[in-house]
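Here is coords_16.cif, consisting of mmCIF, C-alpha atoms:
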data_my_file
loop_
_atom_site.group_PDB
_atom_site.id
_atom_site.type_symbol
_atom_site.label_atom_id
_atom_site.label_comp_id
_atom_site.auth_asym_id
_atom_site.auth_seq_id
_atom_site.Cartn_x
_atom_site.Cartn_y
_atom_site.Cartn_z
ATOM 1 C CA MET U 38 31.363 -100.486 -68.192
ATOM 2 C CA VAL U 39 35.114 -99.983 -68.700
ATOM 3 C CA GLN U 40 36.317 -96.924 -66.779
ATOM 4 C CA PHE U 41 37.207 -94.014 -69.033
ATOM 5 C CA SER U 42 38.499 -90.621 -67.897
ATOM 6 C CA PRO U 43 35.202 -88.690 -67.514
ATOM 7 C CA ALA U 44 36.755 -85.258 -68.140
ATOM 8 C CA HIS U 45 38.390 -86.519 -71.337
ATOM 9 C CA LEU U 46 35.121 -87.963 -72.691
ATOM 10 C CA ASP U 47 33.239 -84.797 -71.620
ATOM 11 C CA ALA U 48 35.668 -82.639 -73.625
ATOM 12 C CA THR U 49 35.589 -84.785 -76.768
ATOM 13 C CA PHE U 50 31.832 -85.254 -76.923
ATOM 14 C CA ALA U 51 31.354 -81.508 -76.278
ATOM 15 C CA ALA U 52 33.831 -80.761 -79.089
ATOM 16 C CA LEU U 53 31.844 -83.054 -81.416
ATOM 17 C CA SER U 54 28.487 -81.468 -80.519
ATOM 18 C CA ASP U 55 28.835 -78.697 -83.105
ATOM 19 C CA ALA U 56 28.348 -79.126 -86.860
ATOM 20 C CA THR U 57 31.089 -76.598 -87.736
ATOM 21 C CA ARG U 58 33.625 -78.334 -85.516
ATOM 22 C CA ARG U 59 32.750 -81.728 -87.041
ATOM 23 C CA GLY U 60 33.112 -80.098 -90.462
ATOM 24 C CA VAL U 61 36.569 -78.774 -89.522
ATOM 25 C CA LEU U 62 37.659 -82.302 -88.531
ATOM 26 C CA GLU U 63 36.392 -83.705 -91.849
ATOM 27 C CA GLN U 64 38.231 -80.921 -93.671
ATOM 28 C CA LEU U 65 41.512 -81.549 -91.810
ATOM 29 C CA GLY U 66 41.057 -85.252 -92.550
ATOM 30 C CA ARG U 67 41.560 -84.321 -96.192
ATOM 31 C CA ALA U 68 44.292 -81.656 -95.830
ATOM 32 C CA ASP U 69 45.902 -79.378 -93.249
ATOM 33 C CA ALA U 70 44.540 -75.835 -93.332
ATOM 34 C CA SER U 71 45.177 -72.421 -91.807
ATOM 35 C CA ILE U 72 42.666 -70.680 -89.521
ATOM 36 C CA THR U 73 41.969 -68.188 -92.333
ATOM 37 C CA GLU U 74 41.290 -70.950 -94.875
ATOM 38 C CA LEU U 75 38.940 -72.714 -92.440
ATOM 39 C CA ALA U 76 37.175 -69.417 -91.599
ATOM 40 C CA ASP U 77 36.591 -68.773 -95.334
ATOM 41 C CA LYS U 78 35.393 -72.305 -95.940
ATOM 42 C CA PHE U 79 32.843 -72.151 -93.117
ATOM 43 C CA HIS U 80 31.816 -68.526 -93.762
ATOM 44 C CA MET U 81 32.860 -67.130 -90.414
ATOM 45 C CA THR U 82 35.351 -64.671 -88.970
ATOM 46 C CA PRO U 83 38.887 -65.875 -88.156
ATOM 47 C CA THR U 84 38.127 -65.034 -84.484
ATOM 48 C CA GLY U 85 35.046 -67.300 -84.520
ATOM 49 C CA MET U 86 37.013 -70.092 -86.182
ATOM 50 C CA LYS U 87 39.883 -69.678 -83.696
ATOM 51 C CA LYS U 88 37.426 -70.384 -80.862
ATOM 52 C CA HIS U 89 36.153 -73.565 -82.530
ATOM 53 C CA VAL U 90 39.718 -74.718 -83.220
ATOM 54 C CA GLY U 91 40.571 -73.961 -79.566
ATOM 55 C CA VAL U 92 37.797 -76.322 -78.397
ATOM 56 C CA LEU U 93 39.044 -79.052 -80.762
ATOM 57 C CA GLU U 94 42.634 -78.481 -79.602
ATOM 58 C CA GLN U 95 41.647 -78.755 -75.920
ATOM 59 C CA ALA U 96 40.009 -82.107 -76.703
ATOM 60 C CA GLY U 97 43.184 -83.358 -78.430
ATOM 61 C CA LEU U 98 41.407 -83.567 -81.782
ATOM 62 C CA VAL U 99 43.468 -80.879 -83.487
ATOM 63 C CA THR U 100 46.996 -79.521 -83.147
ATOM 64 C CA THR U 101 48.064 -76.113 -84.401
ATOM 65 C CA GLN U 102 51.412 -74.587 -85.239
ATOM 66 C CA LYS U 103 52.124 -70.923 -85.865
ATOM 67 C CA VAL U 104 54.772 -70.108 -88.438
ATOM 68 C CA GLY U 105 55.125 -66.362 -88.988
ATOM 69 C CA ARG U 106 51.586 -65.003 -89.094
ATOM 70 C CA VAL U 107 49.917 -68.210 -90.237
ATOM 71 C CA ARG U 108 48.512 -70.768 -87.791
ATOM 72 C CA THR U 109 48.232 -74.167 -89.477
ATOM 73 C CA CYS U 110 45.791 -76.763 -88.124
ATOM 74 C CA LYS U 111 46.266 -80.538 -88.397
ATOM 75 C CA LEU U 112 44.391 -83.519 -87.018
ATOM 76 C CA GLY U 113 45.493 -84.334 -83.469
ATOM 77 C CA LEU U 114 46.538 -87.709 -82.137
ATOM 78 C CA SER U 115 43.074 -88.644 -80.820
ATOM 79 C CA ARG U 116 41.554 -91.335 -82.985
ATOM 80 C CA LEU U 117 38.393 -91.235 -80.802
ATOM 81 C CA ALA U 118 39.288 -94.668 -79.418
ATOM 82 C CA ASP U 119 37.790 -94.129 -75.934
ATOM 83 C CA GLU U 120 34.674 -92.520 -77.391
ATOM 84 C CA THR U 121 34.179 -95.462 -79.761
ATOM 85 C CA ALA U 122 34.720 -97.914 -76.893
ATOM 86 C CA TRP U 123 32.170 -96.104 -74.702
ATOM 87 C CA ILE U 124 29.566 -96.089 -77.501
ATOM 88 C CA GLU U 125 30.231 -99.769 -78.301
ATOM 89 C CA GLU U 126 29.677 -100.755 -74.683
ATOM 90 C CA TYR U 127 26.509 -98.671 -74.591
ATOM 91 C CA ARG U 128 25.216 -100.419 -77.712
ATOM 92 C CA ARG U 129 25.914 -103.798 -76.133
ATOM 93 C CA LEU U 130 23.867 -102.766 -73.053
ATOM 94 C CA TRP U 131 21.131 -101.369 -75.320
ATOM 95 C CA ASP U 132 20.967 -104.591 -77.368
ATOM 96 C CA SER U 133 20.707 -106.797 -74.297
ATOM 97 C CA ARG U 134 17.963 -104.521 -72.868
ATOM 98 C CA PHE U 135 15.936 -104.635 -76.083
ATOM 99 C CA ASP U 136 16.570 -108.356 -76.604
ATOM 100 C CA ALA U 137 15.074 -108.907 -73.150
ATOM 101 C CA LEU U 138 12.095 -106.769 -74.179
ATOM 102 C CA ASP U 139 11.701 -108.747 -77.421
ATOM 103 C CA GLN U 140 11.642 -111.936 -75.399
ATOM 104 C CA ILE U 141 8.883 -110.598 -73.133
ATOM 105 C CA VAL U 142 6.840 -109.488 -76.176
ATOM 106 C CA GLU U 143 7.380 -112.932 -77.739
ATOM 107 C CA GLU U 144 6.201 -114.668 -74.563
ATOM 108 C CA LEU U 145 3.131 -112.422 -74.356
ATOM 109 C CA LYS U 146 2.312 -113.221 -78.003
ATOM 110 C CA GLN U 147 2.623 -116.979 -77.402
ATOM 111 C CA ARG U 148 0.452 -116.710 -74.274
ATOM 112 C CA LYS U 149 -2.161 -114.790 -76.272
ATOM 113 C CA THR U 150 -2.151 -117.462 -78.996
ATOM 114 C CA LEU U 151 -2.574 -120.195 -76.359
ATOM 115 C CA ASP U 152 -5.412 -118.249 -74.687
ATOM 116 C CA GLY U 153 -7.058 -117.787 -78.108
ATOM 117 C CA ARG U 154 -6.827 -121.543 -78.774
ATOM 118 C CA ARG U 155 -8.280 -122.355 -75.363
ATOM 119 C CA GLN U 156 -11.220 -120.029 -75.993
ATOM 120 C CA THR U 157 -12.009 -121.642 -79.343
ATOM 121 C CA GLU U 158 -11.699 -125.188 -77.932
ATOM 122 C CA MET J 258 31.371 -88.033 -95.521
ATOM 123 C CA VAL J 259 27.818 -89.414 -95.417
ATOM 124 C CA GLN J 260 25.330 -86.641 -94.669
ATOM 125 C CA PHE J 261 23.836 -86.852 -91.185
ATOM 126 C CA SER J 262 21.274 -84.497 -89.683
ATOM 127 C CA PRO J 263 23.556 -81.923 -88.004
ATOM 128 C CA ALA J 264 21.026 -80.886 -85.337
ATOM 129 C CA HIS J 265 20.465 -84.522 -84.373
ATOM 130 C CA LEU J 266 24.205 -85.212 -83.998
ATOM 131 C CA ASP J 267 24.654 -81.911 -82.094
ATOM 132 C CA ALA J 268 21.983 -82.940 -79.583
ATOM 133 C CA THR J 269 23.314 -86.460 -79.036
ATOM 134 C CA PHE J 270 26.970 -85.536 -78.678
ATOM 135 C CA ALA J 271 25.988 -82.687 -76.299
ATOM 136 C CA ALA J 272 23.899 -85.153 -74.271
ATOM 137 C CA LEU J 273 26.908 -87.500 -74.066
ATOM 138 C CA SER J 274 29.303 -84.731 -72.971
ATOM 139 C CA ASP J 275 28.422 -85.099 -69.282
ATOM 140 C CA ALA J 276 29.631 -87.912 -67.001
ATOM 141 C CA THR J 277 26.353 -88.024 -65.027
ATOM 142 C CA ARG J 278 24.272 -88.328 -68.181
ATOM 143 C CA ARG J 279 26.516 -91.128 -69.484
ATOM 144 C CA GLY J 280 26.157 -92.779 -66.065
ATOM 145 C CA VAL J 281 22.354 -92.532 -66.294
ATOM 146 C CA LEU J 282 22.430 -94.271 -69.696
ATOM 147 C CA GLU J 283 24.626 -97.075 -68.298
ATOM 148 C CA GLN J 284 22.253 -97.402 -65.345
ATOM 149 C CA LEU J 285 19.142 -97.573 -67.579
ATOM 150 C CA GLY J 286 20.995 -100.129 -69.697
ATOM 151 C CA ARG J 287 20.765 -102.399 -66.668
ATOM 152 C CA ALA J 288 17.254 -101.538 -65.431
ATOM 153 C CA ASP J 289 14.554 -98.892 -65.748
ATOM 154 C CA ALA J 290 14.578 -96.367 -62.898
ATOM 155 C CA SER J 291 12.536 -93.467 -61.542
ATOM 156 C CA ILE J 292 13.885 -89.896 -61.394
ATOM 157 C CA THR J 293 14.105 -90.230 -57.586
ATOM 158 C CA GLU J 294 16.109 -93.461 -57.799
ATOM 159 C CA LEU J 295 18.498 -91.904 -60.327
ATOM 160 C CA ALA J 296 18.835 -88.727 -58.221
ATOM 161 C CA ASP J 297 19.745 -90.857 -55.151
ATOM 162 C CA LYS J 298 22.200 -92.957 -57.121
ATOM 163 C CA PHE J 299 24.021 -89.907 -58.490
ATOM 164 C CA HIS J 300 23.802 -87.879 -55.246
ATOM 165 C CA MET J 301 21.818 -84.995 -56.648
ATOM 166 C CA THR J 302 18.415 -83.366 -56.216
ATOM 167 C CA PRO J 303 15.454 -84.737 -58.209
ATOM 168 C CA THR J 304 15.280 -81.311 -59.923
ATOM 169 C CA GLY J 305 18.904 -81.590 -61.046
ATOM 170 C CA MET J 306 18.353 -85.146 -62.287
ATOM 171 C CA LYS J 307 15.173 -84.102 -64.105
ATOM 172 C CA LYS J 308 17.220 -81.584 -66.116
ATOM 173 C CA HIS J 309 19.784 -84.228 -67.094
ATOM 174 C CA VAL J 310 17.013 -86.666 -68.065
ATOM 175 C CA GLY J 311 15.379 -83.862 -70.079
ATOM 176 C CA VAL J 312 18.561 -83.424 -72.137
ATOM 177 C CA LEU J 313 18.765 -87.193 -72.742
ATOM 178 C CA GLU J 314 15.066 -87.279 -73.683
ATOM 179 C CA GLN J 315 15.477 -84.413 -76.182
ATOM 180 C CA ALA J 316 18.283 -86.386 -77.834
ATOM 181 C CA GLY J 317 16.081 -89.495 -78.094
ATOM 182 C CA LEU J 318 18.348 -91.432 -75.731
ATOM 183 C CA VAL J 319 15.757 -91.823 -72.961
ATOM 184 C CA THR J 320 11.973 -92.013 -72.771
ATOM 185 C CA THR J 321 9.986 -91.290 -69.622
ATOM 186 C CA GLN J 322 6.503 -92.166 -68.504
ATOM 187 C CA LYS J 323 4.656 -90.704 -65.529
ATOM 188 C CA VAL J 324 2.327 -93.021 -63.647
ATOM 189 C CA GLY J 325 0.794 -91.330 -60.617
ATOM 190 C CA ARG J 326 3.588 -89.362 -58.999
ATOM 191 C CA VAL J 327 6.427 -91.500 -60.284
ATOM 192 C CA ARG J 328 8.255 -90.750 -63.552
ATOM 193 C CA THR J 329 9.969 -93.883 -64.863
ATOM 194 C CA CYS J 330 12.921 -93.579 -67.249
ATOM 195 C CA LYS J 331 13.853 -96.167 -69.894
ATOM 196 C CA LEU J 332 16.399 -96.259 -72.683
ATOM 197 C CA GLY J 333 15.110 -94.545 -75.816
ATOM 198 C CA LEU J 334 15.123 -95.947 -79.324
ATOM 199 C CA SER J 335 18.425 -94.315 -80.339
ATOM 200 C CA ARG J 336 21.128 -96.938 -80.604
ATOM 201 C CA LEU J 337 23.651 -94.175 -81.492
ATOM 202 C CA ALA J 338 23.815 -95.514 -85.035
ATOM 203 C CA ASP J 339 24.456 -92.140 -86.740
ATOM 204 C CA GLU J 340 26.991 -91.150 -84.093
ATOM 205 C CA THR J 341 28.866 -94.444 -84.574
ATOM 206 C CA ALA J 342 28.764 -93.995 -88.352
ATOM 207 C CA TRP J 343 30.134 -90.442 -88.088
ATOM 208 C CA ILE J 344 32.973 -91.538 -85.797
ATOM 209 C CA GLU J 345 33.783 -94.529 -88.041
ATOM 210 C CA GLU J 346 34.060 -92.291 -91.086
ATOM 211 C CA TYR J 347 36.226 -89.871 -89.125
ATOM 212 C CA ARG J 348 38.548 -92.723 -88.097
ATOM 213 C CA ARG J 349 38.844 -93.813 -91.722
ATOM 214 C CA LEU J 350 39.870 -90.260 -92.714
ATOM 215 C CA TRP J 351 42.263 -90.110 -89.736
ATOM 216 C CA ASP J 352 43.875 -93.438 -90.689
ATOM 217 C CA SER J 353 44.396 -92.415 -94.306
ATOM 218 C CA ARG J 354 45.889 -89.069 -93.167
ATOM 219 C CA PHE J 355 48.335 -90.738 -90.788
ATOM 220 C CA ASP J 356 49.149 -93.539 -93.248
ATOM 221 C CA ALA J 357 50.144 -90.824 -95.729
ATOM 222 C CA LEU J 358 52.321 -89.241 -93.036
ATOM 223 C CA ASP J 359 53.921 -92.618 -92.241
ATOM 224 C CA GLN J 360 54.787 -93.012 -95.899
ATOM 225 C CA ILE J 361 56.476 -89.590 -96.028
ATOM 226 C CA VAL J 362 58.469 -90.401 -92.861
ATOM 227 C CA GLU J 363 59.477 -93.765 -94.404
ATOM 228 C CA GLU J 364 60.629 -92.060 -97.598
ATOM 229 C CA LEU J 365 62.626 -89.473 -95.635
ATOM 230 C CA LYS J 366 64.281 -92.284 -93.638
ATOM 231 C CA GLN J 367 65.235 -94.173 -96.817
ATOM 232 C CA ARG J 368 66.622 -90.988 -98.350
ATOM 233 C CA LYS J 369 68.668 -90.342 -95.187
ATOM 234 C CA THR J 370 70.072 -93.908 -95.317
ATOM 235 C CA LEU J 371 71.006 -93.445 -98.979
ATOM 236 C CA ASP J 372 72.645 -90.068 -98.232
ATOM 237 C CA GLY J 373 74.545 -91.675 -95.336
ATOM 238 C CA ARG J 374 75.801 -94.420 -97.647
ATOM 239 C CA ARG J 375 76.870 -91.906 -100.265
ATOM 240 C CA GLN J 376 78.828 -89.931 -97.675
ATOM 241 C CA THR J 377 80.704 -93.024 -96.466
ATOM 242 C CA GLU J 378 81.509 -94.208 -100.007
#

Write-out of the structure in C-alpha coordinates:
Amino acid sequence: MVQFSPAHLDATFAALSDATRRGVLEQLGRADASITELADKFHMTPTGMKKHVGVLEQAGLVTTQKVGRVRTCKLGLSRLADETAWIEEYRRLWDSRFDALDQIVEELKQRKTLDGRRQTE
Amino acid sequence: MVQFSPAHLDATFAALSDATRRGVLEQLGRADASITELADKFHMTPTGMKKHVGVLEQAGLVTTQKVGRVRTCKLGLSRLADETAWIEEYRRLWDSRFDALDQIVEELKQRKTLDGRRQTE
(Lines of atoms letter the chains of each structure in order from A and count residues from 1; the text may use other names and numbers.)
(Lines give C-alpha, C1' and ligand atoms only; values in the text may rest on other atoms or scores of the structure.)
Protein backbone atom coordinates (compact mmCIF):
# COMPACT_ATOMS: atom_id res chain seq x y z
CA MET A 1 0.00 0.00 0.00
CA VAL A 2 1.05 3.63 -0.54
CA GLN A 3 2.34 5.14 2.71
CA PHE A 4 -0.04 7.69 4.20
CA SER A 5 0.52 9.65 7.41
CA PRO A 6 -1.14 7.32 9.98
CA ALA A 7 -1.98 10.10 12.45
CA HIS A 8 -3.64 12.13 9.70
CA LEU A 9 -5.80 9.19 8.54
CA ASP A 10 -6.61 8.32 12.19
CA ALA A 11 -7.89 11.86 12.79
CA THR A 12 -9.99 12.06 9.62
CA PHE A 13 -11.62 8.65 9.92
CA ALA A 14 -12.35 9.35 13.62
CA ALA A 15 -13.89 12.70 12.63
CA LEU A 16 -16.08 10.91 10.06
CA SER A 17 -17.23 8.24 12.53
CA ASP A 18 -20.08 10.37 13.88
CA ALA A 19 -23.38 11.02 12.08
CA THR A 20 -23.66 14.60 13.40
CA ARG A 21 -20.17 15.48 12.23
CA ARG A 22 -20.87 14.01 8.77
CA GLY A 23 -24.11 16.03 8.76
CA VAL A 24 -22.18 19.22 9.60
CA LEU A 25 -19.85 18.60 6.63
CA GLU A 26 -22.83 18.08 4.30
CA GLN A 27 -24.39 21.27 5.66
CA LEU A 28 -21.19 23.31 5.17
CA GLY A 29 -20.96 21.85 1.67
CA ARG A 30 -24.12 23.81 0.92
CA ALA A 31 -23.39 27.03 2.87
CA ASP A 32 -21.14 28.40 5.61
CA ALA A 33 -22.82 28.49 9.01
CA SER A 34 -22.22 29.75 12.54
CA ILE A 35 -21.86 27.42 15.54
CA THR A 36 -25.27 28.61 16.76
CA GLU A 37 -26.95 27.87 13.41
CA LEU A 38 -25.38 24.39 13.32
CA ALA A 39 -26.38 23.74 16.96
CA ASP A 40 -30.00 24.67 16.14
CA LYS A 41 -30.03 22.57 13.00
CA PHE A 42 -28.77 19.47 14.81
CA HIS A 43 -30.81 20.06 17.99
CA MET A 44 -27.90 20.38 20.38
CA THR A 45 -26.29 22.96 22.63
CA PRO A 46 -23.71 25.36 21.15
CA THR A 47 -21.15 23.80 23.55
CA GLY A 48 -21.87 20.31 22.16
CA MET A 49 -21.63 21.59 18.59
CA LYS A 50 -18.38 23.43 19.37
CA LYS A 51 -16.82 20.10 20.40
CA HIS A 52 -17.89 18.41 17.16
CA VAL A 53 -16.60 21.35 15.11
CA GLY A 54 -13.32 21.17 17.09
CA VAL A 55 -12.85 17.52 16.04
CA LEU A 56 -13.55 18.42 12.39
CA GLU A 57 -11.16 21.39 12.62
CA GLN A 58 -8.37 19.23 14.07
CA ALA A 59 -8.79 16.86 11.11
CA GLY A 60 -8.52 19.77 8.64
CA LEU A 61 -12.10 19.23 7.46
CA VAL A 62 -13.43 22.54 8.74
CA THR A 63 -11.99 26.01 9.35
CA THR A 64 -13.58 28.56 11.65
CA GLN A 65 -13.28 32.31 11.97
CA LYS A 66 -14.56 34.43 14.83
CA VAL A 67 -15.84 37.88 13.96
CA GLY A 68 -17.23 39.69 17.00
CA ARG A 69 -19.25 37.11 18.91
CA VAL A 70 -20.03 34.89 15.94
CA ARG A 71 -17.81 31.95 14.94
CA THR A 72 -18.40 31.05 11.29
CA CYS A 73 -17.56 27.55 10.04
CA LYS A 74 -16.50 26.72 6.47
CA LEU A 75 -15.28 23.57 4.76
CA GLY A 76 -11.54 23.09 5.25
CA LEU A 77 -8.98 22.38 2.56
CA SER A 78 -9.09 18.58 2.99
CA ARG A 79 -10.83 17.00 0.03
CA LEU A 80 -10.37 13.56 1.66
CA ALA A 81 -7.81 12.67 -1.02
CA ASP A 82 -5.64 10.41 1.18
CA GLU A 83 -8.70 8.73 2.67
CA THR A 84 -10.10 8.03 -0.80
CA ALA A 85 -6.71 6.70 -1.94
CA TRP A 86 -6.47 4.39 1.09
CA ILE A 87 -9.99 3.03 0.52
CA GLU A 88 -9.33 2.57 -3.22
CA GLU A 89 -6.20 0.55 -2.52
CA TYR A 90 -8.09 -1.52 0.03
CA ARG A 91 -10.82 -2.25 -2.52
CA ARG A 92 -8.20 -3.35 -5.03
CA LEU A 93 -6.75 -5.79 -2.44
CA TRP A 94 -10.28 -6.95 -1.54
CA ASP A 95 -11.17 -7.56 -5.21
CA SER A 96 -8.03 -9.57 -5.87
CA ARG A 97 -8.65 -11.64 -2.70
CA PHE A 98 -12.25 -12.41 -3.68
CA ASP A 99 -11.35 -13.00 -7.33
CA ALA A 100 -8.89 -15.63 -6.11
CA LEU A 101 -11.68 -17.15 -4.01
CA ASP A 102 -14.05 -17.14 -7.00
CA GLN A 103 -11.43 -18.98 -9.01
CA ILE A 104 -11.08 -21.66 -6.32
CA VAL A 105 -14.88 -22.07 -6.14
CA GLU A 106 -15.00 -22.30 -9.95
CA GLU A 107 -12.30 -24.99 -9.97
CA LEU A 108 -14.10 -26.95 -7.24
CA LYS A 109 -17.34 -26.76 -9.26
CA GLN A 110 -15.61 -28.01 -12.43
CA ARG A 111 -13.96 -30.84 -10.47
CA LYS A 112 -17.35 -31.80 -9.03
CA THR A 113 -18.91 -31.84 -12.51
CA LEU A 114 -16.06 -34.04 -13.79
CA ASP A 115 -16.42 -36.39 -10.79
CA GLY A 116 -20.19 -36.55 -11.42
CA ARG A 117 -19.58 -37.46 -15.08
CA ARG A 118 -17.07 -40.13 -14.12
CA GLN A 119 -19.55 -41.68 -11.69
CA THR A 120 -22.29 -41.85 -14.32
CA GLU A 121 -19.93 -43.29 -16.97
CA MET B 1 -26.90 13.35 0.01
CA VAL B 2 -27.96 9.71 -0.44
CA GLN B 3 -29.20 8.27 2.85
CA PHE B 4 -26.81 5.74 4.39
CA SER B 5 -27.32 3.84 7.63
CA PRO B 6 -25.63 6.20 10.12
CA ALA B 7 -24.75 3.48 12.65
CA HIS B 8 -23.13 1.39 9.92
CA LEU B 9 -20.99 4.30 8.68
CA ASP B 10 -20.12 5.24 12.30
CA ALA B 11 -18.84 1.71 12.96
CA THR B 12 -16.78 1.45 9.77
CA PHE B 13 -15.15 4.87 9.97
CA ALA B 14 -14.36 4.24 13.68
CA ALA B 15 -12.83 0.87 12.74
CA LEU B 16 -10.68 2.61 10.11
CA SER B 17 -9.50 5.33 12.52
CA ASP B 18 -6.62 3.22 13.87
CA ALA B 19 -3.34 2.54 12.04
CA THR B 20 -3.05 -1.02 13.42
CA ARG B 21 -6.56 -1.92 12.30
CA ARG B 22 -5.89 -0.51 8.82
CA GLY B 23 -2.66 -2.53 8.81
CA VAL B 24 -4.58 -5.70 9.73
CA LEU B 25 -6.95 -5.14 6.78
CA GLU B 26 -4.00 -4.66 4.40
CA GLN B 27 -2.41 -7.82 5.79
CA LEU B 28 -5.62 -9.88 5.39
CA GLY B 29 -5.89 -8.47 1.87
CA ARG B 30 -2.75 -10.46 1.12
CA ALA B 31 -3.47 -13.64 3.12
CA ASP B 32 -5.67 -14.96 5.91
CA ALA B 33 -3.95 -14.98 9.31
CA SER B 34 -4.51 -16.19 12.86
CA ILE B 35 -4.83 -13.79 15.82
CA THR B 36 -1.38 -14.96 17.02
CA GLU B 37 0.23 -14.28 13.64
CA LEU B 38 -1.34 -10.81 13.50
CA ALA B 39 -0.30 -10.08 17.12
CA ASP B 40 3.32 -11.04 16.27
CA LYS B 41 3.31 -8.99 13.10
CA PHE B 42 2.06 -5.86 14.88
CA HIS B 43 4.15 -6.40 18.04
CA MET B 44 1.26 -6.66 20.45
CA THR B 45 -0.31 -9.20 22.79
CA PRO B 46 -2.91 -11.63 21.38
CA THR B 47 -5.43 -10.01 23.77
CA GLY B 48 -4.73 -6.57 22.31
CA MET B 49 -5.01 -7.90 18.76
CA LYS B 50 -8.24 -9.73 19.61
CA LYS B 51 -9.80 -6.38 20.61
CA HIS B 52 -8.76 -4.75 17.33
CA VAL B 53 -10.09 -7.73 15.34
CA GLY B 54 -13.33 -7.51 17.36
CA VAL B 55 -13.83 -3.89 16.26
CA LEU B 56 -13.17 -4.85 12.61
CA GLU B 57 -15.56 -7.81 12.92
CA GLN B 58 -18.34 -5.62 14.38
CA ALA B 59 -17.96 -3.32 11.37
CA GLY B 60 -18.25 -6.27 8.95
CA LEU B 61 -14.69 -5.74 7.71
CA VAL B 62 -13.34 -9.05 9.03
CA THR B 63 -14.76 -12.50 9.72
CA THR B 64 -13.15 -15.01 12.06
CA GLN B 65 -13.45 -18.74 12.46
CA LYS B 66 -12.13 -20.81 15.35
CA VAL B 67 -10.87 -24.29 14.53
CA GLY B 68 -9.44 -26.03 17.58
CA ARG B 69 -7.41 -23.41 19.41
CA VAL B 70 -6.66 -21.26 16.40
CA ARG B 71 -8.87 -18.32 15.36
CA THR B 72 -8.35 -17.50 11.68
CA CYS B 73 -9.19 -14.03 10.37
CA LYS B 74 -10.30 -13.26 6.80
CA LEU B 75 -11.55 -10.15 5.06
CA GLY B 76 -15.27 -9.65 5.58
CA LEU B 77 -17.86 -8.99 2.91
CA SER B 78 -17.76 -5.18 3.26
CA ARG B 79 -16.06 -3.66 0.26
CA LEU B 80 -16.52 -0.18 1.83
CA ALA B 81 -19.09 0.65 -0.83
CA ASP B 82 -21.23 2.96 1.35
CA GLU B 83 -18.15 4.67 2.78
CA THR B 84 -16.81 5.30 -0.74
CA ALA B 85 -20.20 6.61 -1.85
CA TRP B 86 -20.40 8.98 1.13
CA ILE B 87 -16.90 10.33 0.50
CA GLU B 88 -17.61 10.72 -3.25
CA GLU B 89 -20.73 12.75 -2.54
CA TYR B 90 -18.81 14.86 -0.05
CA ARG B 91 -16.10 15.55 -2.65
CA ARG B 92 -18.76 16.61 -5.15
CA LEU B 93 -20.18 19.09 -2.61
CA TRP B 94 -16.64 20.27 -1.76
CA ASP B 95 -15.80 20.81 -5.45
CA SER B 96 -18.95 22.81 -6.11
CA ARG B 97 -18.29 24.93 -2.98
CA PHE B 98 -14.72 25.71 -4.01
CA ASP B 99 -15.66 26.24 -7.67
CA ALA B 100 -18.13 28.88 -6.47
CA LEU B 101 -15.34 30.47 -4.42
CA ASP B 102 -12.99 30.41 -7.44
CA GLN B 103 -15.63 32.23 -9.45
CA ILE B 104 -15.98 34.96 -6.81
CA VAL B 105 -12.18 35.39 -6.66
CA GLU B 106 -12.10 35.58 -10.49
CA GLU B 107 -14.81 38.24 -10.51
CA LEU B 108 -13.01 40.26 -7.83
CA LYS B 109 -9.78 40.07 -9.86
CA GLN B 110 -11.54 41.27 -13.03
CA ARG B 111 -13.16 44.12 -11.11
CA LYS B 112 -9.76 45.11 -9.68
CA THR B 113 -8.23 45.12 -13.20
CA LEU B 114 -11.09 47.30 -14.46
CA ASP B 115 -10.71 49.68 -11.50
CA GLY B 116 -6.95 49.83 -12.15
CA ARG B 117 -7.59 50.72 -15.79
CA ARG B 118 -10.08 53.40 -14.83
CA GLN B 119 -7.58 54.97 -12.43
CA THR B 120 -4.85 55.12 -15.09
CA GLU B 121 -7.18 56.57 -17.75

Residues near Gly66 of chain U, cut-off 8 Å, all atoms listed in the file, skip fewer than 5 positions along chain, as an MDAnalysis selection string: (chainID U and resid 112) or (chainID J and resid 347 350:351 354)

Could you tell me which residues the PyMOL selection byres ((chain J) within 7 of (chain U)) returns for this structure, as a CSV table (one decimal) with C-alpha atoms, in the frame of the given file?
chain,number,residue,atom,x,y,z
J,263,PRO,CA,23.6,-81.9,-88.0
J,266,LEU,CA,24.2,-85.2,-84.0
J,267,ASP,CA,24.7,-81.9,-82.1
J,268,ALA,CA,22.0,-82.9,-79.6
J,270,PHE,CA,27.0,-85.5,-78.7
J,271,ALA,CA,26.0,-82.7,-76.3
J,273,LEU,CA,26.9,-87.5,-74.1
J,274,SER,CA,29.3,-84.7,-73.0
J,275,ASP,CA,28.4,-85.1,-69.3
J,276,ALA,CA,29.6,-87.9,-67.0
J,283,GLU,CA,24.6,-97.1,-68.3
J,286,GLY,CA,21.0,-100.1,-69.7
J,336,ARG,CA,21.1,-96.9,-80.6
J,347,TYR,CA,36.2,-89.9,-89.1
J,348,ARG,CA,38.5,-92.7,-88.1
J,350,LEU,CA,39.9,-90.3,-92.7
J,351,TRP,CA,42.3,-90.1,-89.7
J,354,ARG,CA,45.9,-89.1,-93.2

Point-to-point distance in Å for atom CA of Val107 of chain U and atom CA of Lys78 of chain U: 16.1 Å

Pairwise distance for atom CA of Ile72 of chain U and atom CA of Gly97 of chain U, rounded to one decimal in Å: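 Rounded to one decimal, the two atoms are 16.9 Å apart.
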
Between atom CA of Ala122 of chain U and atom CA of Asp297 of chain J - distance in Å to one decimal: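 A separation of 27.3 Å between them.
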
Assuming 6 Å of padding per side, give the centre and edge lengths of the axis-aligned box around every listed atom of segment 359-367 of chain J, in Å to one decimal and as AutoDock Vina command-line options.
--center_x 59.6 --center_y -91.8 --center_z -94.9 --size_x 23.3 --size_y 16.7 --size_z 17.4

The PyMOL selection byres ((chain J and resi 305-311) around 9) resolved against shown file, as a ChimeraX atom specification: /J:272,275,277-278,281,292-293,295-296,299,301-304,312-316,319-321,330

Selected residues written out, C-alpha atoms, as a JSON list (two decimals), keeping the file's coordinate frame:
[["chain", "number", "residue", "atom", "x", "y", "z"],
["J", 272, "ALA", "CA", 23.90, -85.15, -74.27],
["J", 275, "ASP", "CA", 28.42, -85.10, -69.28],
["J", 277, "THR", "CA", 26.35, -88.02, -65.03],
["J", 278, "ARG", "CA", 24.27, -88.33, -68.18],
["J", 281, "VAL", "CA", 22.35, -92.53, -66.29],
["J", 292, "ILE", "CA", 13.88, -89.90, -61.39],
["J", 293, "THR", "CA", 14.10, -90.23, -57.59],
["J", 295, "LEU", "CA", 18.50, -91.90, -60.33],
["J", 296, "ALA", "CA", 18.84, -88.73, -58.22],
["J", 299, "PHE", "CA", 24.02, -89.91, -58.49],
["J", 301, "MET", "CA", 21.82, -85.00, -56.65],
["J", 302, "THR", "CA", 18.42, -83.37, -56.22],
["J", 303, "PRO", "CA", 15.45, -84.74, -58.21],
["J", 304, "THR", "CA", 15.28, -81.31, -59.92],
["J", 312, "VAL", "CA", 18.56, -83.42, -72.14],
["J", 313, "LEU", "CA", 18.76, -87.19, -72.74],
["J", 314, "GLU", "CA", 15.07, -87.28, -73.68],
["J", 315, "GLN", "CA", 15.48, -84.41, -76.18],
["J", 316, "ALA", "CA", 18.28, -86.39, -77.83],
["J", 319, "VAL", "CA", 15.76, -91.82, -72.96],
["J", 320, "THR", "CA", 11.97, -92.01, -72.77],
["J", 321, "THR", "CA", 9.99, -91.29, -69.62],
["J", 330, "CYS", "CA", 12.92, -93.58, -67.25]]
